[in-house]
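What follows is a short report on a single structure.
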Amino acid sequence: MTAATRRWVLAVPTLWLILLLVAPLAIVLLIAFATPADRIPPFSLGFTLDNLRLVASDPLYRDALLRSLRVAGISTVICLVMGFPAALAIARAPSRWRNALLLAVMLPFWTGFLMRINAWIGLLADDGLIVRLLGTPHLLYTDTAMYIGMVYTYLPFMVLPLYARLSRLDPTLMQAAADLGAPPWRVFLRVILPLSRPGIAAGAALVFVPAIGEYVIPALLGGPQAQLIGKVLWEEFFSNRDWPTASAVAVWLLVVLIAIPAVVMRAAKVPPKR
Amino acid sequence: MIRWLLIFMALALSARAQDRVVNIYNWTDYIDPSVLADFTRETGIKTRYDVFDSLETLEAKLFAGHSGYDIVLPSNEPSFSRLIKAGALTPIDRAKVPNWKNLDPVLMQRVESSDKDNRHGAIYLWGSIGLGINPDRIHAVAPDAPLNSWALLLDPKWAKQVAPCGIIMMDSAIDVVPSVLRYLGRSPDGATPEDFDAVSKALMAIRPYIREFASGGALEALATGQACLALDYSGDVDQAGARAREAGKGVNVTYVVPKEGAEIGFDMLSIPADAPHKEEALAFIDFVLRPDIMARITDATRYPNAIPATRALVKTTLLDDPNVFPTDAVMQRFFTIGPSTQAADRARTRLWARFKAGN
């Protein structure tokens with residue numbers, strides 16, 4: 001490939017990035033420095049730090065962000081605990097079963113996301129199947145319902161990268177550990193787990209990052225106390241028609257979203273061989 | 001080749017010209033659906049009908065610009081006046097709305113404070129914001145509770161007793177805060193930090209007793225008996241009562257104009273400045289201002305209108321309904337609110353977010 005062709009080939013994704021990532025972000029940043037006004041669109045351009053300062057100082061946003069981080073963290077841990085055995089089982093399954101099992105993991109994507117969450121509303125309602133069969137107390141519009149929705153939605157994003165990693169583990173390593181006298185739990189802790197760290201990190205990032213900004217699931221399944229950052233942002237934009245504050249929330253959220261995976265990815269590097 | 005292209009374009013254009021459409025953005029449960037079909041039959045103009053459930057939703061769409069709607073129905077305050085100030089509504093050409101003469105001049109004068117000379121809108125329906133109650137259920141859990149007062153909801157003593165049978169709060173800061181101010185003996189337009197502090201304290205005190213925040217959703221819960229107390233629009237509660245009677249399961253729902261006063265709002269037929277089908281929009285306004293059509297809308301929605309001639313045409317049962325045709329004594333208890341500033345909006349919505357989160 002000549003230098004000229006390479007430049008042309010690279011121009012397409014670069015343009016794509018500028019158009020769909022850099023430009024929208026620049027607009028959000030611009031609005032974050034503007035002042036709200038009664039006009040169309042509802043702000044006047046300028047340079048004020050008031051919005052960013054308000055979002056940083058008002059406990060409403062800080063609490064919502066912390067709550068979002070906690071919800072995303074707990075959802076990620078549950079997904080990991082549930083997803084790891086599933087991924088391991090699929091990786092160890094006879095090869096003729098494997099594709100069918102993977103398909104089963106991805107099958108929910110064949111139906112619309114909103115439709116599936118709405119189905120959960122029916123399942124979790126007071127006169128729904130789950131409450132009636134299990135005799136649990138009121139479920140819908142509680143944190144439990146929200147976590148069920150989150151784990152249900154994000155589980156495949158954990159299972160698939162874990163599977164990709166686990167299916168490539170060399171089985172002879174496990175056999176060697178067993179031959180050397182390690183009981184199965186030690187094989188798991190000392191061999192499988194360390195080797196699957198990149199898969200865990202990828203899965204955790206794929207679950208954690210979108211879960212922080214999740215709006216639909218808490219809005220539909222959680223109660224009014226579930227003021228997560230995605231919902232707060234939505235309300236600033238749609239209920240309060242306050243685009244500058246909404247943009248300021250988005251800017252702070254972005255800062256956090258960039259910082260966290262950077263730390264996670266760093267921690268996830270495969271440890272050097274001893 | 002070019003000739004074919006021209007023919008194709010001409011065909012496309014003529015197809016568009018024949019397809020006259022009006023895009024309507026109205027409140028939920030706020031029309032008799034057969035009115036839309038009749039409009040299309042009489043004028044040949046198709047309708048595309050979309051609904052919103054709070055003023056916030058409506059304003060979010062209109063303030064973004066290019067909403068694509070031709071008819072919108074903002075309440076006179078704060079939305080209608082704010083949209084006029086922002087230049088978002090187009091003045092109505094009355095020459096094309098002959099039925100304008102049917103409007104009650106007294107009521108139209110009441111909205112002149114929002115729209116000088118009534119240039120931008122005609123009253124569609126109007127209503128008040130009060131309490132929807134299920135007296136039997138409330139009586140069972142709180143025998144001594146005052147059913148004619150905001151205290152039923154806003155005094156924690158009563159809210160706590162009523163909570164077991166289900167309290168629903170309307171999810172709209174604009175529509176709730178003025179009533180709370182009024183109950184606290186303050187001006188409903190109050191926007192000082194002390195005003196908002198007082199409202200916040202009052203709302204937080206009843207927060208533990210609220211089961212749900214509903215936008216346009218209290219109707220169903222009241223009608224089925226899942227809730228026994230809701231802060232809601234008058235017509236919504238009346239519709240819930242009618243549905244409950246039809247269901248015949250012994251659920252009884254009535255609307256209360258609290259003795260301390262209730263806010264009234266006029267929903268205005270208006271046309272966005274960038275509406276793509278202004279002619280069709282004018283035709284639609286003229287159509288619904290016809291007494292026979294408006295009477296059907298009031299029949300279906302149980303909201304009063306501003307066309308006196310409909311009194312002879314609505315269902316006779318509605319004539320005795322004080323919510324559809326309020327008595328003079330009830331009229332005395334109504335109050336209206338004035339325009340709001342951006343700073344007040346911010347403080348109010350922040351208060352509301354905290355109230356919902358409960359901390």
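Ligands are numbered from 1 in the order shown, residues from 1 within each chain, and chains are lettered A, B, ... in the order they appear in the structure tokens.
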With a cut-off of 9 Å and counting only C-alpha atoms, select all residues of chain A in contact with chain B and give the selection as a PyMOL selection string. chain A and resi 36-42+60+141+223-227+232+235-242
May I have the selected residues written with C-alpha atoms, as a PDB file, in the first residue's frame?
ATOM      1  CA  PRO A  36     -30.034  29.131  29.815  1.00  0.00           C
ATOM      2  CA  ALA A  37     -32.549  31.487  28.152  1.00  0.00           C
ATOM      3  CA  ASP A  38     -36.171  31.566  26.961  1.00  0.00           C
ATOM      4  CA  ARG A  39     -35.479  31.126  23.283  1.00  0.00           C
ATOM      5  CA  ILE A  40     -35.063  28.433  20.646  1.00  0.00           C
ATOM      6  CA  PRO A  41     -32.822  26.557  21.341  1.00  0.00           C
ATOM      7  CA  PRO A  42     -33.099  27.438  25.031  1.00  0.00           C
ATOM      8  CA  LEU A  60     -28.005  16.406  44.073  1.00  0.00           C
ATOM      9  CA  TYR A 141     -40.372  -0.037  41.365  1.00  0.00           C
ATOM     10  CA  GLY A 223     -38.662   3.613  42.145  1.00  0.00           C
ATOM     11  CA  PRO A 224     -38.576   7.411  42.375  1.00  0.00           C
ATOM     12  CA  GLN A 225     -35.690   7.112  44.833  1.00  0.00           C
ATOM     13  CA  ALA A 226     -33.536   5.694  42.019  1.00  0.00           C
ATOM     14  CA  GLN A 227     -32.204   9.113  41.009  1.00  0.00           C
ATOM     15  CA  VAL A 232     -30.866  13.426  36.413  1.00  0.00           C
ATOM     16  CA  GLU A 235     -34.545  15.579  33.654  1.00  0.00           C
ATOM     17  CA  GLU A 236     -32.303  18.613  33.284  1.00  0.00           C
ATOM     18  CA  PHE A 237     -32.708  18.368  29.545  1.00  0.00           C
ATOM     19  CA  PHE A 238     -36.337  17.328  29.122  1.00  0.00           C
ATOM     20  CA  SER A 239     -38.105  18.430  32.309  1.00  0.00           C
ATOM     21  CA  ASN A 240     -36.182  21.585  33.114  1.00  0.00           C
ATOM     22  CA  ARG A 241     -35.320  22.554  29.561  1.00  0.00           C
ATOM     23  CA  ASP A 242     -31.952  23.515  31.062  1.00  0.00           C
TER      24      ASP A 242
END
Where does DSSP see strand (DSSP E) in segment 108-238 of chain B, if you list the residues as an mmCIF file with all heavy atoms, in the first residue's frame?
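Listing of part13.cif after writing:
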data_model
loop_
_atom_site.group_PDB
_atom_site.id
_atom_site.type_symbol
_atom_site.label_atom_id
_atom_site.label_comp_id
_atom_site.auth_asym_id
_atom_site.auth_seq_id
_atom_site.Cartn_x
_atom_site.Cartn_y
_atom_site.Cartn_z
ATOM 1 N N ALA B 122 -56.518 30.230 21.156
ATOM 2 C CA ALA B 122 -57.908 30.167 21.609
ATOM 3 C C ALA B 122 -57.999 29.112 22.698
ATOM 4 O O ALA B 122 -57.294 28.101 22.644
ATOM 5 C CB ALA B 122 -58.816 29.783 20.452
ATOM 6 N N ILE B 123 -58.872 29.353 23.682
ATOM 7 C CA ILE B 123 -59.031 28.364 24.751
ATOM 8 C C ILE B 123 -59.636 27.090 24.157
ATOM 9 O O ILE B 123 -60.640 27.139 23.446
ATOM 10 C CB ILE B 123 -59.935 28.893 25.874
ATOM 11 C CG1 ILE B 123 -59.294 30.118 26.549
ATOM 12 C CG2 ILE B 123 -60.192 27.800 26.912
ATOM 13 C CD1 ILE B 123 -60.190 30.787 27.569
ATOM 14 N N TYR B 124 -58.987 25.979 24.452
ATOM 15 C CA TYR B 124 -59.521 24.667 24.034
ATOM 16 C C TYR B 124 -60.379 24.145 25.180
ATOM 17 O O TYR B 124 -61.604 24.150 25.097
ATOM 18 C CB TYR B 124 -58.344 23.737 23.731
ATOM 19 C CG TYR B 124 -58.699 22.314 23.386
ATOM 20 C CD1 TYR B 124 -59.416 22.018 22.246
ATOM 21 C CD2 TYR B 124 -58.251 21.257 24.200
ATOM 22 C CE1 TYR B 124 -59.713 20.697 21.924
ATOM 23 C CE2 TYR B 124 -58.541 19.940 23.867
ATOM 24 C CZ TYR B 124 -59.272 19.665 22.733
ATOM 25 O OH TYR B 124 -59.549 18.361 22.416
ATOM 26 N N LEU B 125 -59.759 23.717 26.243
ATOM 27 C CA LEU B 125 -60.468 23.301 27.441
ATOM 28 C C LEU B 125 -59.746 23.931 28.621
ATOM 29 O O LEU B 125 -58.651 24.448 28.479
ATOM 30 C CB LEU B 125 -60.442 21.772 27.586
ATOM 31 C CG LEU B 125 -61.105 20.950 26.481
ATOM 32 C CD1 LEU B 125 -60.824 19.476 26.705
ATOM 33 C CD2 LEU B 125 -62.599 21.198 26.413
ATOM 34 N N TRP B 126 -60.371 23.913 29.764
ATOM 35 C CA TRP B 126 -59.676 24.409 30.944
ATOM 36 C C TRP B 126 -60.034 23.525 32.120
ATOM 37 O O TRP B 126 -60.980 22.738 32.072
ATOM 38 C CB TRP B 126 -59.989 25.875 31.205
ATOM 39 C CG TRP B 126 -61.439 26.217 31.381
ATOM 40 C CD1 TRP B 126 -62.358 26.374 30.390
ATOM 41 C CD2 TRP B 126 -62.109 26.442 32.611
ATOM 42 N NE1 TRP B 126 -63.570 26.688 30.931
ATOM 43 C CE2 TRP B 126 -63.460 26.742 32.293
ATOM 44 C CE3 TRP B 126 -61.709 26.431 33.957
ATOM 45 C CZ2 TRP B 126 -64.408 27.011 33.277
ATOM 46 C CZ3 TRP B 126 -62.656 26.712 34.927
ATOM 47 C CH2 TRP B 126 -63.995 26.997 34.576
ATOM 48 N N GLY B 127 -59.236 23.638 33.156
ATOM 49 C CA GLY B 127 -59.498 22.781 34.306
ATOM 50 C C GLY B 127 -58.722 23.269 35.497
ATOM 51 O O GLY B 127 -57.956 24.232 35.402
ATOM 52 N N SER B 128 -58.931 22.608 36.621
ATOM 53 C CA SER B 128 -58.215 23.002 37.815
ATOM 54 C C SER B 128 -57.347 21.848 38.291
ATOM 55 O O SER B 128 -57.468 20.729 37.825
ATOM 56 C CB SER B 128 -59.188 23.439 38.909
ATOM 57 O OG SER B 128 -60.038 22.368 39.267
ATOM 58 N N ILE B 129 -56.460 22.172 39.224
ATOM 59 C CA ILE B 129 -55.587 21.162 39.815
ATOM 60 C C ILE B 129 -56.010 21.000 41.269
ATOM 61 O O ILE B 129 -55.976 21.961 42.038
ATOM 62 C CB ILE B 129 -54.115 21.586 39.712
ATOM 63 C CG1 ILE B 129 -53.711 21.694 38.245
ATOM 64 C CG2 ILE B 129 -53.216 20.594 40.454
ATOM 65 C CD1 ILE B 129 -52.366 22.339 38.039
ATOM 66 N N GLY B 130 -56.454 19.820 41.624
ATOM 67 C CA GLY B 130 -56.937 19.592 42.982
ATOM 68 C C GLY B 130 -56.673 18.154 43.395
ATOM 69 O O GLY B 130 -55.675 17.556 42.995
ATOM 70 N N LEU B 131 -57.593 17.610 44.189
ATOM 71 C CA LEU B 131 -57.391 16.259 44.713
ATOM 72 C C LEU B 131 -58.419 15.283 44.146
ATOM 73 O O LEU B 131 -59.616 15.569 44.129
ATOM 74 C CB LEU B 131 -57.502 16.280 46.245
ATOM 75 C CG LEU B 131 -56.431 17.068 46.983
ATOM 76 C CD1 LEU B 131 -56.764 17.164 48.467
ATOM 77 C CD2 LEU B 131 -55.059 16.429 46.792
ATOM 78 N N GLY B 132 -57.909 14.147 43.689
ATOM 79 C CA GLY B 132 -58.783 13.042 43.331
ATOM 80 C C GLY B 132 -58.854 12.118 44.529
ATOM 81 O O GLY B 132 -57.813 11.698 45.033
ATOM 82 N N ILE B 133 -60.055 11.851 45.017
ATOM 83 C CA ILE B 133 -60.145 11.024 46.221
ATOM 84 C C ILE B 133 -61.116 9.867 46.035
ATOM 85 O O ILE B 133 -62.032 9.918 45.225
ATOM 86 C CB ILE B 133 -60.587 11.851 47.465
ATOM 87 C CG1 ILE B 133 -61.986 12.427 47.264
ATOM 88 C CG2 ILE B 133 -59.592 12.945 47.764
ATOM 89 C CD1 ILE B 133 -62.569 13.027 48.530
ATOM 90 N N ILE B 167 -51.183 6.862 47.858
ATOM 91 C CA ILE B 167 -51.168 8.279 47.482
ATOM 92 C C ILE B 167 -50.303 8.447 46.242
ATOM 93 O O ILE B 167 -49.176 7.956 46.189
ATOM 94 C CB ILE B 167 -50.596 9.158 48.619
ATOM 95 C CG1 ILE B 167 -51.458 9.022 49.872
ATOM 96 C CG2 ILE B 167 -50.513 10.617 48.177
ATOM 97 C CD1 ILE B 167 -50.960 9.827 51.062
ATOM 98 N N ILE B 168 -50.845 9.156 45.247
ATOM 99 C CA ILE B 168 -50.093 9.401 44.020
ATOM 100 C C ILE B 168 -49.879 10.900 43.848
ATOM 101 O O ILE B 168 -50.799 11.701 44.010
ATOM 102 C CB ILE B 168 -50.833 8.832 42.790
ATOM 103 C CG1 ILE B 168 -50.895 7.310 42.907
ATOM 104 C CG2 ILE B 168 -50.125 9.231 41.503
ATOM 105 C CD1 ILE B 168 -51.452 6.638 41.694
ATOM 106 N N MET B 169 -48.645 11.288 43.526
ATOM 107 C CA MET B 169 -48.301 12.686 43.314
ATOM 108 C C MET B 169 -48.103 12.930 41.825
ATOM 109 O O MET B 169 -47.467 12.125 41.149
ATOM 110 C CB MET B 169 -47.009 12.994 44.080
ATOM 111 C CG MET B 169 -46.458 14.384 43.889
ATOM 112 S SD MET B 169 -47.567 15.692 44.407
ATOM 113 C CE MET B 169 -47.250 15.749 46.165
ATOM 114 N N MET B 170 -48.685 14.011 41.325
ATOM 115 C CA MET B 170 -48.474 14.366 39.928
ATOM 116 C C MET B 170 -46.999 14.725 39.740
ATOM 117 O O MET B 170 -46.426 15.451 40.540
ATOM 118 C CB MET B 170 -49.347 15.569 39.593
ATOM 119 C CG MET B 170 -49.250 16.036 38.173
ATOM 120 S SD MET B 170 -49.940 17.686 38.008
ATOM 121 C CE MET B 170 -51.661 17.354 38.196
ATOM 122 N N GLU B 212 -46.230 6.758 44.544
ATOM 123 C CA GLU B 212 -45.788 6.829 43.163
ATOM 124 C C GLU B 212 -45.858 8.261 42.645
ATOM 125 O O GLU B 212 -46.729 9.034 43.050
ATOM 126 C CB GLU B 212 -46.712 5.944 42.321
ATOM 127 C CG GLU B 212 -46.150 5.507 41.002
ATOM 128 C CD GLU B 212 -47.188 4.760 40.171
ATOM 129 O OE1 GLU B 212 -47.998 4.020 40.761
ATOM 130 O OE2 GLU B 212 -47.196 4.959 38.964
ATOM 131 N N PHE B 213 -44.928 8.605 41.757
ATOM 132 C CA PHE B 213 -45.014 9.863 41.030
ATOM 133 C C PHE B 213 -45.523 9.538 39.638
ATOM 134 O O PHE B 213 -44.909 8.745 38.933
ATOM 135 C CB PHE B 213 -43.634 10.517 40.925
ATOM 136 C CG PHE B 213 -43.195 11.157 42.208
ATOM 137 C CD1 PHE B 213 -42.666 10.393 43.234
ATOM 138 C CD2 PHE B 213 -43.332 12.522 42.387
ATOM 139 C CE1 PHE B 213 -42.266 10.981 44.423
ATOM 140 C CE2 PHE B 213 -42.940 13.114 43.565
ATOM 141 C CZ PHE B 213 -42.410 12.352 44.593
ATOM 142 N N ALA B 214 -46.642 10.117 39.260
ATOM 143 C CA ALA B 214 -47.241 9.736 37.990
ATOM 144 C C ALA B 214 -47.333 10.931 37.080
ATOM 145 O O ALA B 214 -47.745 12.009 37.495
ATOM 146 C CB ALA B 214 -48.627 9.152 38.225
ATOM 147 N N LEU B 229 -55.871 8.528 46.820
ATOM 148 C CA LEU B 229 -55.671 9.974 46.892
ATOM 149 C C LEU B 229 -54.617 10.364 45.865
ATOM 150 O O LEU B 229 -53.553 9.758 45.807
ATOM 151 C CB LEU B 229 -55.205 10.370 48.304
ATOM 152 C CG LEU B 229 -54.833 11.841 48.531
ATOM 153 C CD1 LEU B 229 -55.994 12.764 48.262
ATOM 154 C CD2 LEU B 229 -54.323 12.049 49.957
ATOM 155 N N ALA B 230 -54.951 11.369 45.036
ATOM 156 C CA ALA B 230 -53.990 11.803 44.036
ATOM 157 C C ALA B 230 -54.108 13.294 43.816
ATOM 158 O O ALA B 230 -55.215 13.836 43.799
ATOM 159 C CB ALA B 230 -54.219 11.065 42.714
ATOM 160 N N LEU B 231 -52.964 13.956 43.662
ATOM 161 C CA LEU B 231 -52.975 15.340 43.225
ATOM 162 C C LEU B 231 -53.054 15.268 41.709
ATOM 163 O O LEU B 231 -52.167 14.696 41.066
ATOM 164 C CB LEU B 231 -51.692 16.039 43.683
ATOM 165 C CG LEU B 231 -51.690 17.564 43.671
ATOM 166 C CD1 LEU B 231 -50.614 18.089 44.594
ATOM 167 C CD2 LEU B 231 -51.543 18.142 42.301
ATOM 168 N N ASP B 232 -54.122 15.828 41.112
ATOM 169 C CA ASP B 232 -54.339 15.567 39.690
ATOM 170 C C ASP B 232 -55.184 16.679 39.067
ATOM 171 O O ASP B 232 -55.724 17.530 39.764
ATOM 172 C CB ASP B 232 -55.034 14.215 39.519
ATOM 173 C CG ASP B 232 -54.752 13.585 38.160
ATOM 174 O OD1 ASP B 232 -54.226 14.279 37.275
ATOM 175 O OD2 ASP B 232 -55.073 12.404 37.981
ATOM 176 N N TYR B 233 -55.289 16.648 37.745
ATOM 177 C CA TYR B 233 -56.135 17.589 37.018
ATOM 178 C C TYR B 233 -57.601 17.186 37.186
ATOM 179 O O TYR B 233 -57.927 15.989 37.224
ATOM 180 C CB TYR B 233 -55.780 17.595 35.532
ATOM 181 C CG TYR B 233 -54.332 17.907 35.239
ATOM 182 C CD1 TYR B 233 -53.468 16.928 34.761
ATOM 183 C CD2 TYR B 233 -53.834 19.183 35.450
ATOM 184 C CE1 TYR B 233 -52.134 17.219 34.490
ATOM 185 C CE2 TYR B 233 -52.504 19.481 35.175
ATOM 186 C CZ TYR B 233 -51.658 18.497 34.698
ATOM 187 O OH TYR B 233 -50.347 18.784 34.438
#
Expected answer as a ChimeraX atom specification: alpha helix (DSSP H) residues in segment 41-244 of chain A: /A:50-57,59-92,95-106,113-124,129-134,143-166,171-179,184-187,193-195,197-212,216-221,229-234,243-244
For each of B:Ser75, B:Ala244, B:Asn99, B:His277, take the minimum atom-to-atom distance to Gln226 of chain B, counting only C-alpha atoms, then give the residue where this is smallest.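 The answer is B:Ala244, which sits nearest to Gln226 of chain B.
Atom CA of Arg207 of chain B lies 15.8 Å from atom CA of Ala227 of chain B.
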Would you list the contacts of segment 70-76 of chain A as a PyMOL selection string, taking every protein, DNA or RNA residue within 7 Å and counting only C-alpha atoms, but skipping same-chain residues closer than 6 positions in sequence? chain A and resi 147+150-151+204+207-208+211-212
